[in-house]
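I have placed the structure first, in the form of structure tokens, so that the comments after it can refer back to it.
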Amino acid sequence: YTPEERFQLLMAHLDANGFITCKKYSELTGLLKNKASAELRKWAEEERISREGRVPHVMYLKKGVS
């Protein structure tokens with residue numbers, strides 16, 4: 001998948017489930033856990049999604065949902 005295709009997969013998962021963990025994102029996209037984590041953090045920093053919690057219990061949510 002391209003990064004934008006992965007973002008669309010992420011948003012579809014968030015619509016259906018409300019949140020995602022790094023582990024689940026890794027399983028969904030086939031990325032290694034460290035790459036999946038870096039991509040989720042990048043999108044959170046860009047404010048495309050929001051991040052809640054502390055390591056190792058971080059959850060990612062759609063922007064504006066908490």
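We label chains A, B, ... in the order they appear in the structure tokens, count residues from 1 in each chain, and number ligands from 1 in the order shown.
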If you count only C-alpha atoms, which residues fall within 12 Å of Phe7 (chain A), apart from same-chain ones fewer than 4 positions away, as a list in words? Tyr1, Thr2, Pro3, Met11, Ala12, His13, Leu14, Tyr25, Leu28, Thr29, Ala36, Glu39, Leu40, Lys42, Trp43, Ala44, Arg48, Ile49 and Lys62 of chain A
From chain A, collect each residue whose DSSP state is helix (DSSP H, G or I) and return the set as a PyMOL selection string. chain A and resi 3-17+22-29+33-45
Atom-to-atom span, CA of Arg54 (chain A) and CA of Gln8 (chain A), Å: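 These atoms are spaced 24.8 Å apart.
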The distance between CA of Thr21 (chain A) and CA of His57 (chain A) is 7.9 Å
Return as a JSON list (two decimals) with N, CA and C atoms, in the first residue's frame the full set of residues in chain A whose backbone-based DSSP assignment is strand (DSSP E or B).
[["chain", "number", "residue", "atom", "x", "y", "z"],
["A", 19, "PHE", "N", -11.24, 3.69, 17.34],
["A", 19, "PHE", "CA", -9.83, 3.89, 17.69],
["A", 19, "PHE", "C", -9.00, 2.78, 17.08],
["A", 20, "ILE", "N", -7.68, 2.96, 17.10],
["A", 20, "ILE", "CA", -6.77, 1.93, 16.64],
["A", 20, "ILE", "C", -5.49, 2.00, 17.47],
["A", 49, "ILE", "N", -4.87, 12.96, 12.62],
["A", 49, "ILE", "CA", -5.54, 12.10, 13.60],
["A", 49, "ILE", "C", -5.12, 12.60, 14.98],
["A", 50, "SER", "N", -5.77, 12.11, 16.03],
["A", 50, "SER", "CA", -5.36, 12.51, 17.37],
["A", 50, "SER", "C", -4.84, 11.29, 18.13],
["A", 51, "ARG", "N", -4.02, 11.57, 19.13],
["A", 51, "ARG", "CA", -3.36, 10.52, 19.92],
["A", 51, "ARG", "C", -3.77, 10.67, 21.37],
["A", 52, "GLU", "N", -4.12, 9.56, 22.00],
["A", 52, "GLU", "CA", -4.52, 9.55, 23.40],
["A", 52, "GLU", "C", -3.74, 8.49, 24.16],
["A", 59, "MET", "N", -3.62, 5.09, 21.95],
["A", 59, "MET", "CA", -4.69, 4.86, 20.98],
["A", 59, "MET", "C", -4.73, 6.05, 20.04],
["A", 60, "TYR", "N", -5.05, 5.79, 18.82],
["A", 60, "TYR", "CA", -5.19, 6.86, 17.83],
["A", 60, "TYR", "C", -6.65, 6.95, 17.43],
["A", 61, "LEU", "N", -7.15, 8.19, 17.33],
["A", 61, "LEU", "CA", -8.57, 8.45, 17.06],
["A", 61, "LEU", "C", -8.71, 9.42, 15.91],
["A", 62, "LYS", "N", -9.92, 9.49, 15.36],
["A", 62, "LYS", "CA", -10.19, 10.49, 14.34],
["A", 62, "LYS", "C", -10.03, 11.87, 14.97]]
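Taking CA of Leu31 (chain A) and CA of Gly53 (chain A) as the two end points, the separation is 22.0 Å.
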